[in-house]
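J.: Following this line is final_21.txt, made up of compact mmCIF, C-alpha atoms and all ligand atoms:
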```txt
# COMPACT_ATOMS: atom_id res chain seq x y z
CA MET A 116 0.00 0.00 0.00
CA LYS A 117 1.31 3.51 -0.81
CA TRP A 118 1.44 5.84 2.21
CA PRO A 119 -0.83 8.69 0.88
CA GLN A 120 -3.45 6.02 0.21
CA ALA A 121 -2.69 4.45 3.57
CA MET A 122 -3.19 7.79 5.32
CA GLN A 123 -6.52 8.29 3.56
CA GLU A 124 -7.58 4.84 4.67
CA LEU A 125 -6.38 5.61 8.16
CA SER A 126 -8.70 8.63 8.30
CA ALA A 127 -11.59 6.44 7.22
CA MET A 128 -10.61 3.80 9.80
CA VAL A 129 -10.37 6.40 12.54
CA ALA A 130 -13.91 7.51 11.71
CA ARG A 131 -15.14 3.92 11.68
CA ALA A 132 -13.37 3.14 14.93
CA LEU A 133 -15.84 5.26 16.83
CA VAL A 134 -18.26 2.40 16.27
CA LYS A 135 -17.92 0.02 19.20
CA GLY A 136 -16.86 -3.62 18.88
CA TRP A 137 -13.99 -2.82 16.56
CA CYS A 138 -10.76 -4.66 17.23
CA PRO A 139 -7.62 -2.59 16.66
CA GLY A 140 -4.41 -3.85 15.10
CA ALA A 141 -1.29 -2.25 13.70
CA TRP A 142 -3.00 -1.79 10.33
CA ARG A 143 -6.17 -0.63 12.04
CA PRO A 144 -5.02 1.73 14.79
CA MET A 145 -7.68 2.91 17.18
CA PRO A 146 -8.08 6.53 18.29
CA SER A 147 -7.94 6.93 22.03
CA GLY A 148 -7.85 9.84 24.45
CA ASP A 149 -4.07 10.16 24.06
CA GLY A 150 -3.69 9.52 20.32
CA LEU A 151 -3.68 6.34 18.28
CA LEU A 152 -3.40 2.93 19.89
CA VAL A 153 -1.32 0.60 17.71
CA ARG A 154 -1.45 -3.09 18.54
CA VAL A 155 1.25 -5.59 17.56
CA ARG A 156 0.38 -9.29 17.45
CA PRO A 157 3.62 -11.17 18.05
CA ASN A 158 4.03 -14.20 15.84
CA HIS A 159 4.28 -17.39 17.85
CA ALA A 160 3.89 -15.35 21.05
CA ALA A 161 7.56 -14.45 20.71
CA LEU A 162 9.85 -11.57 19.81
CA ASP A 163 13.54 -12.02 19.26
CA ARG A 164 15.94 -9.62 20.95
CA GLU A 165 16.25 -7.34 17.92
CA GLN A 166 12.48 -7.10 17.65
CA VAL A 167 12.20 -6.18 21.33
CA LEU A 168 14.75 -3.42 20.86
CA ALA A 169 12.96 -2.18 17.73
CA LEU A 170 9.64 -2.11 19.57
CA CYS A 171 11.18 -0.17 22.47
CA GLU A 172 12.62 2.37 20.07
CA ALA A 173 9.30 2.68 18.23
CA ALA A 174 7.45 3.23 21.53
CA GLU A 175 9.84 6.00 22.52
CA THR A 176 10.01 7.63 19.07
CA TYR A 177 6.37 7.51 18.04
CA GLY A 178 4.41 6.67 21.18
CA ASN A 179 4.48 7.67 24.85
CA GLY A 180 7.32 5.29 25.72
CA ILE A 181 5.06 2.74 27.37
CA ILE A 182 4.39 -0.76 26.03
CA GLN A 183 1.24 -2.53 27.13
CA LEU A 184 0.71 -6.29 27.22
CA THR A 185 -2.94 -7.17 26.67
CA ASN A 186 -4.93 -10.09 28.02
CA ARG A 187 -4.63 -11.61 24.54
CA ALA A 188 -0.85 -11.50 24.68
CA ASN A 189 -0.61 -8.61 22.24
CA LEU A 190 1.70 -5.64 22.67
CA GLN A 191 0.42 -2.15 22.12
CA LEU A 192 1.82 1.33 21.80
CA ARG A 193 -0.22 4.36 22.82
CA GLY A 194 -0.07 8.07 22.23
CA VAL A 195 0.83 7.85 18.53
CA ALA A 196 0.04 11.02 16.56
CA ASP A 197 -1.88 10.51 13.28
CA ASN A 198 1.11 11.77 11.28
CA ASP A 199 3.45 9.34 13.02
CA TRP A 200 1.47 6.24 12.15
CA ALA A 201 3.03 5.77 8.69
CA PRO A 202 6.67 6.02 9.86
CA LEU A 203 5.80 3.83 12.84
CA MET A 204 4.45 1.19 10.46
CA ASP A 205 7.66 1.42 8.42
CA ALA A 206 9.64 0.70 11.59
CA LEU A 207 7.36 -2.20 12.59
CA LEU A 208 7.46 -3.71 9.10
CA GLU A 209 11.23 -3.49 8.98
CA ALA A 210 11.44 -5.30 12.31
CA ARG A 211 8.97 -7.97 11.09
CA LEU A 212 6.59 -7.03 13.87
CA VAL A 213 3.58 -6.79 11.57
CA ASP A 214 2.48 -8.80 8.55
CA THR A 215 2.74 -7.14 5.17
CA ASP A 216 -0.82 -8.29 4.41
CA PRO A 217 -3.34 -6.36 6.55
CA ALA A 218 -6.09 -8.93 5.90
CA LEU A 219 -4.02 -11.83 7.23
CA GLU A 220 -2.80 -9.73 10.13
CA GLY A 221 -6.43 -9.17 11.08
CA ARG A 222 -7.12 -12.91 11.11
CA ARG A 223 -4.06 -13.84 13.14
CA ASN A 224 -5.80 -13.92 16.51
CA MET A 225 -3.84 -16.73 18.13
CA LEU A 226 -2.81 -17.47 21.69
CA LEU A 227 0.02 -19.96 22.21
CA ALA A 228 1.07 -21.73 25.38
CA PRO A 229 4.08 -19.45 25.96
CA ASP A 230 6.50 -22.19 27.00
CA TRP A 231 6.31 -23.98 23.63
CA GLN A 232 9.52 -25.58 22.41
CA ALA A 233 10.86 -25.58 18.85
CA GLY A 234 9.31 -28.48 16.95
CA ASP A 235 6.68 -29.41 19.54
CA ASP A 236 2.99 -29.67 18.66
CA THR A 237 2.15 -26.13 19.78
CA ASP A 238 4.95 -24.76 17.59
CA GLN A 239 3.96 -26.84 14.56
CA LEU A 240 0.21 -26.28 14.89
CA ALA A 241 0.65 -22.52 15.19
CA GLN A 242 2.75 -22.52 12.06
CA GLN A 243 0.20 -24.65 10.19
CA LEU A 244 -2.70 -22.44 11.22
CA ARG A 245 -0.78 -19.35 10.24
CA GLU A 246 -0.19 -20.78 6.77
CA ARG A 247 -3.92 -21.45 6.38
CA LEU A 248 -5.39 -18.21 7.72
CA ALA A 249 -6.72 -17.35 4.26
CA GLU A 250 -9.03 -20.39 4.48
CA LEU A 251 -10.90 -18.94 7.45
CA PRO A 252 -14.23 -17.21 6.94
CA GLU A 253 -14.84 -13.66 8.06
CA LEU A 254 -15.23 -14.01 11.82
CA PRO A 255 -16.37 -11.45 14.40
CA PRO A 256 -13.29 -9.35 15.20
CA LYS A 257 -12.72 -10.57 18.75
CA MET A 258 -12.75 -14.26 17.85
CA GLY A 259 -9.54 -16.24 18.03
CA PHE A 260 -7.71 -19.52 18.50
CA ALA A 261 -5.71 -21.04 21.37
CA ILE A 262 -2.90 -23.41 20.48
CA ASP A 263 -2.32 -25.13 23.78
CA ALA A 264 -1.03 -28.59 22.89
CA GLY A 265 1.32 -29.26 25.80
CA ASN A 266 0.68 -32.17 28.16
CA ALA A 267 -1.83 -30.06 30.07
CA PRO A 268 -3.63 -26.90 28.93
CA VAL A 269 -2.60 -23.58 30.40
CA LEU A 270 -4.83 -21.22 28.37
CA ALA A 271 -8.25 -22.65 29.24
CA GLU A 272 -9.26 -19.49 31.15
CA ASP A 273 -8.03 -17.14 28.44
CA SER A 274 -9.97 -15.64 25.59
CA ALA A 275 -10.26 -17.93 22.56
CA ASP A 276 -13.06 -19.54 20.60
CA PHE A 277 -11.47 -22.68 19.19
CA ARG A 278 -8.80 -24.50 21.15
CA VAL A 279 -6.31 -27.28 20.52
CA GLU A 280 -5.56 -29.14 23.74
CA ARG A 281 -4.91 -32.75 24.75
CA THR A 282 -7.20 -35.44 25.98
CA THR A 283 -6.62 -37.15 29.31
CA GLY A 284 -5.05 -39.94 27.22
CA GLY A 285 -2.61 -37.60 25.46
CA GLN A 286 -4.34 -37.31 22.05
CA LEU A 287 -4.77 -33.95 20.38
CA LEU A 288 -8.23 -32.52 20.84
CA VAL A 289 -10.15 -29.58 19.35
CA ARG A 290 -12.58 -27.88 21.70
CA ALA A 291 -15.14 -25.20 20.95
CA ASP A 292 -15.05 -22.62 23.72
CA GLY A 293 -17.88 -22.96 26.21
CA ARG A 294 -18.03 -26.75 25.74
CA ALA A 295 -16.46 -28.84 28.49
CA MET A 296 -15.34 -31.55 26.05
CA GLY A 297 -13.95 -31.62 22.56
CA THR A 298 -13.21 -33.82 19.55
CA ALA A 299 -10.13 -36.03 19.59
CA VAL A 300 -8.10 -36.00 16.36
CA GLY A 301 -5.27 -38.17 15.09
CA SER A 302 -2.81 -35.55 13.87
CA GLY A 303 -1.92 -31.86 13.81
CA PRO A 304 -3.21 -31.29 10.25
CA GLN A 305 -6.53 -32.88 11.26
CA ALA A 306 -6.73 -30.49 14.20
CA ILE A 307 -6.24 -27.51 11.89
CA ASP A 308 -8.78 -28.89 9.40
CA LEU A 309 -11.30 -29.27 12.20
CA MET A 310 -10.77 -25.77 13.57
CA ILE A 311 -11.22 -24.25 10.11
CA ASP A 312 -14.34 -26.37 9.52
CA LEU A 313 -15.74 -25.29 12.89
CA ALA A 314 -15.10 -21.64 12.04
CA HIS A 315 -17.13 -22.10 8.82
CA TRP A 316 -19.84 -23.96 10.72
CA PHE A 317 -19.95 -21.12 13.28
CA VAL A 318 -20.60 -18.56 10.56
CA GLY A 319 -23.00 -20.81 8.62
CA SER A 320 -25.07 -21.57 11.72
CA GLY A 321 -25.61 -17.91 12.57
CA GLY A 322 -22.82 -17.59 15.12
CA ALA A 323 -21.99 -14.05 14.06
CA ASN A 324 -25.16 -12.94 15.84
CA SER A 325 -23.79 -14.34 19.10
CA GLY A 326 -20.37 -12.79 18.51
CA ARG A 327 -18.35 -15.50 20.24
CA MET A 328 -18.31 -19.30 20.29
CA ARG A 329 -19.08 -19.39 24.03
CA GLN A 330 -22.36 -17.57 23.45
CA HIS A 331 -23.33 -19.61 20.38
CA ARG A 332 -25.58 -22.31 21.82
CA GLU A 333 -26.35 -24.09 18.53
CA PRO A 334 -25.60 -27.84 18.94
CA LEU A 335 -22.21 -28.75 17.48
CA PRO A 336 -22.33 -30.61 14.15
CA ASP A 337 -22.22 -34.42 14.10
CA TRP A 338 -18.75 -34.35 12.54
CA ALA A 339 -17.37 -32.53 15.61
CA PRO A 340 -18.66 -34.58 18.55
CA ALA A 341 -17.74 -33.11 21.94
CA THR A 342 -16.99 -36.45 23.55
CA ALA A 343 -13.30 -36.31 24.52
CA VAL A 344 -12.31 -35.05 27.97
CA PRO A 345 -9.45 -32.53 28.02
CA ALA A 346 -6.51 -33.09 30.34
CA ALA A 347 -6.64 -31.16 33.62
CA GLY A 348 -5.14 -27.69 33.39
CA ARG A 349 -1.82 -26.57 34.84
CA SER A 350 -0.81 -23.37 36.60
CA ILE A 351 0.31 -20.30 34.69
CA LEU A 352 4.02 -19.48 34.76
CA PRO A 353 5.01 -18.29 38.26
CA LEU A 354 7.19 -15.21 38.54
CA GLY A 355 10.87 -15.92 39.01
CA GLN A 356 13.36 -18.23 37.44
CA HIS A 357 12.03 -20.67 34.84
CA LEU A 358 13.79 -23.38 32.90
CA MET A 359 13.58 -21.18 29.80
CA GLY A 360 14.51 -17.88 31.44
CA ALA A 361 13.11 -15.26 33.79
CA VAL A 362 9.40 -14.57 34.27
CA TYR A 363 8.44 -10.99 35.19
CA GLY A 364 5.08 -9.47 35.99
CA LEU A 365 3.91 -6.13 34.56
CA THR A 366 2.07 -3.73 36.82
CA PHE A 367 -1.34 -3.13 35.22
CA GLY A 368 -0.01 -4.87 32.15
CA GLN A 369 2.45 -2.22 31.07
CA VAL A 370 6.17 -1.57 31.07
CA ASP A 371 8.39 1.37 30.19
CA ALA A 372 10.37 0.80 27.01
CA ALA A 373 13.51 1.65 29.02
CA ALA A 374 12.81 -1.16 31.53
CA LEU A 375 12.12 -3.67 28.78
CA ARG A 376 15.30 -2.68 26.99
CA ALA A 377 17.24 -3.13 30.24
CA VAL A 378 15.86 -6.62 30.77
CA VAL A 379 16.99 -7.86 27.35
CA ALA A 380 20.40 -6.15 27.58
CA THR A 381 22.07 -9.24 29.05
CA ALA A 382 24.07 -11.20 26.48
CA THR A 383 22.36 -14.52 27.34
CA VAL A 384 18.89 -13.16 26.50
CA THR A 385 17.58 -14.23 23.11
CA GLY A 386 14.12 -12.67 23.20
CA ILE A 387 10.80 -12.66 25.04
CA ARG A 388 7.65 -14.74 25.09
CA VAL A 389 4.37 -12.94 25.68
CA THR A 390 1.52 -14.31 27.79
CA PRO A 391 -2.11 -13.30 28.34
CA TRP A 392 -1.38 -13.04 32.09
CA ARG A 393 0.52 -9.75 32.24
CA ARG A 394 3.74 -11.72 32.48
CA LEU A 395 6.72 -11.87 30.17
CA LEU A 396 9.13 -14.76 29.86
CA VAL A 397 12.58 -13.38 29.09
CA GLU A 398 14.26 -16.22 27.23
CA GLY A 399 17.74 -16.97 28.51
CA GLY A 400 17.40 -14.36 31.27
CA LYS A 401 18.31 -14.67 34.94
CA ILE A 402 15.79 -13.18 37.33
CA ARG A 403 17.01 -9.91 38.81
CA ARG A 404 15.63 -6.68 40.19
CA VAL A 405 14.57 -4.38 37.36
CA PRO A 406 12.74 -1.14 38.22
CA GLY A 407 9.21 -1.30 36.83
CA LEU A 408 9.03 -5.10 36.61
CA LEU A 409 7.68 -7.49 39.22
CA ALA A 410 9.68 -10.55 40.18
CA ASP A 411 7.76 -11.60 43.28
CA SER A 412 4.64 -13.74 42.88
CA ASN A 413 3.27 -12.19 46.09
CA ALA A 414 3.35 -8.61 44.73
CA PRO A 415 -0.14 -7.12 45.37
CA GLN A 416 -0.10 -5.50 41.92
CA LEU A 417 -0.60 -8.98 40.46
CA ASP A 418 -4.06 -9.04 42.06
CA THR A 419 -4.98 -5.67 40.60
CA ASP A 420 -6.34 -4.82 37.16
CA ALA A 421 -6.74 -1.28 35.90
CA CYS A 422 -7.46 0.05 32.43
CA PRO A 423 -5.74 3.26 31.20
CA GLY A 424 -8.71 5.43 32.30
CA ALA A 425 -8.73 9.22 31.89
CA PRO A 426 -7.14 11.07 30.18
CA TYR A 427 -5.92 8.18 28.00
CA CYS A 428 -9.28 6.71 26.99
CA GLU A 429 -12.09 8.84 25.59
CA GLN A 430 -14.75 6.72 27.30
CA ALA A 431 -13.31 7.28 30.77
CA SER A 432 -14.56 10.05 33.01
CA VAL A 433 -12.15 9.20 35.86
CA ALA A 434 -8.47 8.38 36.33
CA THR A 435 -7.74 4.78 37.27
CA ARG A 436 -4.12 3.83 37.70
CA ASP A 437 -3.08 6.17 40.50
CA LEU A 438 -6.12 5.06 42.44
CA ALA A 439 -5.38 1.39 41.66
CA GLY A 440 -1.82 1.89 42.90
CA LYS A 441 -3.09 3.35 46.18
CA LEU A 442 -5.67 0.60 46.70
CA SER A 443 -3.43 -2.26 45.59
CA GLY A 444 -2.86 -4.61 48.51
CA ARG A 445 -5.36 -2.68 50.64
CA VAL A 446 -8.53 -4.49 49.61
CA ALA A 447 -9.21 -8.15 50.18
CA GLY A 448 -8.99 -10.28 47.04
CA ARG A 449 -8.93 -9.27 43.40
CA LEU A 450 -9.26 -5.55 42.64
CA HIS A 451 -10.39 -4.08 39.33
CA VAL A 452 -10.34 -0.31 38.73
CA SER A 453 -12.14 0.55 35.50
CA GLY A 454 -12.64 3.91 33.81
CA CYS A 455 -16.14 2.90 32.72
CA THR A 456 -18.52 -0.05 32.82
CA LYS A 457 -16.93 -1.62 29.72
CA GLY A 458 -14.31 -3.25 31.96
CA CYS A 459 -11.58 -3.70 29.34
CA ALA A 460 -8.89 -4.66 31.85
CA ARG A 461 -10.81 -7.61 33.23
CA ARG A 462 -13.84 -9.40 31.81
CA GLN A 463 -14.29 -11.76 34.73
CA ALA A 464 -15.68 -10.85 38.13
CA ALA A 465 -13.40 -9.32 40.76
CA ASP A 466 -13.83 -9.17 44.52
CA VAL A 467 -13.93 -5.38 44.30
CA CYS A 468 -14.62 -3.34 41.15
CA VAL A 469 -14.15 0.43 41.35
CA VAL A 470 -15.86 1.82 38.26
CA GLY A 471 -16.01 5.32 36.82
CA GLU A 472 -19.44 6.76 36.08
CA GLY A 473 -20.08 10.40 35.21
CA GLY A 474 -16.87 11.61 36.84
CA ARG A 475 -17.49 9.73 40.12
CA TYR A 476 -16.77 6.19 41.25
CA GLN A 477 -19.06 3.31 42.07
CA LEU A 478 -18.23 0.04 43.80
CA VAL A 479 -19.33 -3.42 42.68
CA PHE A 480 -18.52 -6.29 45.05
CA ARG A 481 -17.92 -9.80 43.70
CA GLY A 482 -18.98 -8.81 40.21
CA ARG A 483 -17.91 -7.29 36.92
CA ALA A 484 -17.44 -3.66 36.00
CA ASP A 485 -20.85 -3.68 34.31
CA GLY A 486 -22.54 -5.17 37.39
CA THR A 487 -25.11 -3.44 39.58
CA PRO A 488 -23.27 -1.04 41.91
CA ASP A 489 -23.37 -1.73 45.63
CA VAL A 490 -22.15 1.79 46.42
CA ALA A 491 -22.39 4.76 44.05
CA ASP A 492 -21.43 8.40 43.59
CA LEU A 493 -18.08 8.49 45.43
CA THR A 494 -15.19 10.87 44.91
CA GLU A 495 -11.66 9.46 44.77
CA SER A 496 -10.97 10.48 48.34
CA GLN A 497 -14.23 8.87 49.47
CA VAL A 498 -13.16 5.65 47.77
CA LEU A 499 -9.84 5.76 49.63
CA THR A 500 -11.58 6.45 52.92
CA TYR A 501 -14.03 3.61 52.28
CA PHE A 502 -11.12 1.17 52.14
CA GLY A 503 -9.22 2.79 55.02
CA VAL A 504 -6.47 4.29 52.84
CA ASN A 505 -5.52 7.81 53.83
S1 LIG A 601 -12.89 0.22 30.50
FE1 LIG A 601 -13.75 2.08 29.61
S2 LIG A 601 -12.33 3.67 30.26
FE2 LIG A 601 -11.25 1.74 30.52
S3 LIG A 601 -10.10 1.45 28.62
FE3 LIG A 601 -12.08 0.35 28.41
S4 LIG A 601 -13.41 1.85 27.40
FE4 LIG A 601 -11.67 2.97 28.24
```
In structure tokens, how does this file's structure come out?
T.:
Amino acid sequence: MKWPQAMQELSAMVARALVKGWCPGAWRPMPSGDGLLVRVRPNHAALDREQVLALCEAAETYGNGIIQLTNRANLQLRGVADNDWAPLMDALLEARLVDTDPALEGRRNMLLAPDWQAGDDTDQLAQQLRERLAELPELPPKMGFAIDAGNAPVLAEDSADFRVERTTGGQLLVRADGRAMGTAVGSGPQAIDLMIDLAHWFVGSGGANSGRMRQHREPLPDWAPATAVPAAGRSILPLGQHLMGAVYGLTFGQVDAAALRAVVATATVTGIRVTPWRRLLVEGGKIRRVPGLLADSNAPQLDTDACPGAPYCEQASVATRDLAGKLSGRVAGRLHVSGCTKGCARRQAADVCVVGEGGRYQLVFRGRADGTPDVADLTESQVLTYFGVN
């Protein structure tokens, strides 16, 4: 695509983006309160060291210097001016951080078990699915795939619509999200065939009206019987030293480019793996203290979710992250601070949700950000007083 044409299309996209339900990508940046939000979908849930350094430089040159890790294991830059989008895309293309084909990039919604090994089933299946993305039908933008073919699944709680896992007996299995059981298959190519067929069935059976597989209650077709029991899940990667490197947590899912650059500066580091759990696996790294990164699994920030809030998101009427920092570790259980009822930072229930509404805060206990408030119309200082933080 030529850049003048690309910029014209960007203007059209920016206008369209005001319609809700739109899923941003690098080729489809989304306007936000602080400029464009540009999302990078790492191939194979991995960036090599040079790509990490290129992303850090891009964040500092064209964005606000902060890199966010989403709950779909994507990396996003914020605060990009409209005029900087084209040179940013040049930098991302040169670093192989985006696909040259915007259509395929849009379809590449894949989560991978982040501790995959070269040549294992997760590695091979992800590669096979990537090569066959063009065979997929047009799916609702938030739909995606989880390639989770280790001995035990680790992504079962994470957002995906079609999953490859293993049966209790060790066979590969394809499972439609929302169904407790799946269909056992004899080989990797059969698993990919079945996922593509299920995606077509989803569209053909009216699934687009439901939006996601979990909400599509149409009985599965006879050729995809949900009769095989998946193996029991395993824990997500704990913070600290791992066989493959060092696992760090990201406060509220974000890291300064400078901190990320520092963590890959060691000669033994070969790259990073991204996870949907606000954790990064630094391949070949030794765990150490790095300002801005969490290395302790007991850090209270790990139990806290907060979206960017005001002034970074146009839908927010309140700030979130300062308040989340003050409340972190001071409320019992999981805390979610959300700039509005959309609840982008956490879809599941939390023990305490602090939600912005009309410039004030409301509290939802043991519910989601869009739940019925238990307490409403609080100022920030009233929220702090409510939880005994002064
Ligand atoms: S929850 Fe609301 S305020 Fe927060 S990022 Fe999402 S849309 Fe913006």
J.: Using all atoms listed in the file, which of the listed residues (A:Asp312, A:Glu472, A:Asp489, A:Glu333) sits closest to Pro252 (chain A)?
T.: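 Looking only at the distances to Pro252 (chain A), the closest residue turns out to be A:Asp312.
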J.: Which neighbours of region 346-363 of chain A fall inside 10 Å, counting only C-alpha atoms, when residues of the same chain fewer than 4 positions from it are skipped, and could you give them as number ranges by chain?
T.: A: 228-232, 265-272, 280-286, 288, 296, 378, 383-388, 390-405, 407-414
J.: Check the smallest atom-to-atom distance from each of A:Cys468, A:Leu442, A:Ile182, A:Cys422 to ligand LIG 601 (chain A) using only C-alpha atoms and all ligand atoms, then report the winner.
T.: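 Smallest separation from ligand LIG 601 (chain A) among the options: A:Cys422.
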J.: At a cut-off of 12 Å, using only C-alpha atoms, what residues contact Glu165 (chain A)? Leave out same-chain residues fewer than 6 positions from it and give the result as a VMD selection string.
T.: chain A and resid 171 to 172 207 209 to 212 376 379 to 380 384 to 387
J.: Could you list, as a PyMOL selection string, all protein and nucleic acid residues with an atom at most 7 Å from ligand LIG 601 (chain A), counting all atoms listed in the file?
T.: chain A and resi 422-425+428-431+453-460
J.: In Å to one decimal, how far is CA of Arg329 (chain A) from CA of Glu253 (chain A)?
T.: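 Between CA of Glu253 (chain A) and CA of Arg329 (chain A) the gap works out to 17.5 Å.
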J.: Please report the interatomic distance between CA of Asp292 (chain A) and CA of Asp235 (chain A) in Å with one decimal.
T.: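 Between these atoms lies a distance of 23.1 Å.
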J.: Residues near Val498 (chain A), anyone? I mean within 9 Å using only C-alpha atoms, not counting same-chain ones fewer than 3 positions away, as a VMD selection string.
T.: chain A and resid 438 469 476 to 478 493 to 495 501 to 504
J.: For CA of Asp276 (chain A) and CA of Gln183 (chain A), determine how far apart the two atoms are, in Å to one decimal place.
T.: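 Computing it gives 23.2 Å between the two atoms.
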J.: Report as a VMD selection string all protein, DNA and RNA residues lying within 6 Å of region 144-154 of chain A, evaluated on only C-alpha atoms, omitting residues in the same chain fewer than 4 positions from it.
T.: chain A and resid 139 to 140 190 to 196 426 to 429
J.: From the options A:Val155, A:Gly448, A:Ala484, A:Ala306, which residue's atoms come nearest to Val167 (chain A), counting all atoms listed in the file?
T.: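 That would be A:Val155, the residue with the smallest distance to Val167 (chain A).
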J.: Would you pick out the contacts of Ala464 (chain A) at 12 Å or less, using all atoms listed in the file, so that residues sharing its chain but fewer than 2 positions from it are not included, and give the list as an MDAnalysis selection string?
T.: chainID A and resid 420 448:452 458 460:462 466:469 479:486
J.: Okay, now the selection with C-alpha atoms, as a PDB file, in the coordinates of the input?
T.:
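After the write, part07.pdb holds the following:
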```pdb
ATOM      1  CA  ASP A 420      -6.340  -4.820  37.160  1.00  0.00           C
ATOM      2  CA  GLY A 448      -8.990 -10.280  47.040  1.00  0.00           C
ATOM      3  CA  ARG A 449      -8.930  -9.270  43.400  1.00  0.00           C
ATOM      4  CA  LEU A 450      -9.260  -5.550  42.640  1.00  0.00           C
ATOM      5  CA  HIS A 451     -10.390  -4.080  39.330  1.00  0.00           C
ATOM      6  CA  VAL A 452     -10.340  -0.310  38.730  1.00  0.00           C
ATOM      7  CA  GLY A 458     -14.310  -3.250  31.960  1.00  0.00           C
ATOM      8  CA  ALA A 460      -8.890  -4.660  31.850  1.00  0.00           C
ATOM      9  CA  ARG A 461     -10.810  -7.610  33.230  1.00  0.00           C
ATOM     10  CA  ARG A 462     -13.840  -9.400  31.810  1.00  0.00           C
ATOM     11  CA  ASP A 466     -13.830  -9.170  44.520  1.00  0.00           C
ATOM     12  CA  VAL A 467     -13.930  -5.380  44.300  1.00  0.00           C
ATOM     13  CA  CYS A 468     -14.620  -3.340  41.150  1.00  0.00           C
ATOM     14  CA  VAL A 469     -14.150   0.430  41.350  1.00  0.00           C
ATOM     15  CA  VAL A 479     -19.330  -3.420  42.680  1.00  0.00           C
ATOM     16  CA  PHE A 480     -18.520  -6.290  45.050  1.00  0.00           C
ATOM     17  CA  ARG A 481     -17.920  -9.800  43.700  1.00  0.00           C
ATOM     18  CA  GLY A 482     -18.980  -8.810  40.210  1.00  0.00           C
ATOM     19  CA  ARG A 483     -17.910  -7.290  36.920  1.00  0.00           C
ATOM     20  CA  ALA A 484     -17.440  -3.660  36.000  1.00  0.00           C
ATOM     21  CA  ASP A 485     -20.850  -3.680  34.310  1.00  0.00           C
ATOM     22  CA  GLY A 486     -22.540  -5.170  37.390  1.00  0.00           C
TER      23      GLY A 486
END
```
J.: Quick one: of A:Gln330, A:Asn324, A:Asn158, A:Asn186, who's nearest to Arg245 (chain A), counting all atoms listed in the file?
T.: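 When distances to Arg245 (chain A) are compared using all atoms listed in the file, the smallest one comes from A:Asn158.
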J.: Return the single residue from A:Val490, A:Ala188, A:Ala218, A:Ala174 that is closest to Ala261 (chain A), with distances computed using only C-alpha atoms.
T.: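 With only C-alpha atoms as the atom set, the closest residue is A:Ala188.
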J.: To box region 196-206 of chain A, take all atoms listed in the file, fit an axis-aligned box, add 8 Å on each side, and give centre and edge lengths in Å to one decimal, as JSON.
T.:
```
{"center_x": 3.9, "center_y": 6.2, "center_z": 12.5, "size_x": 27.5, "size_y": 27.1, "size_z": 24.1}
```
J.: Name the closest residue to Gln243 (chain A) among the candidates A:Gln305, A:Thr298, A:Ser274, A:Asn198; distances are taken between atoms, counting only C-alpha atoms.
T.: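 Selected residue with least distance to Gln243 (chain A): A:Gln305.
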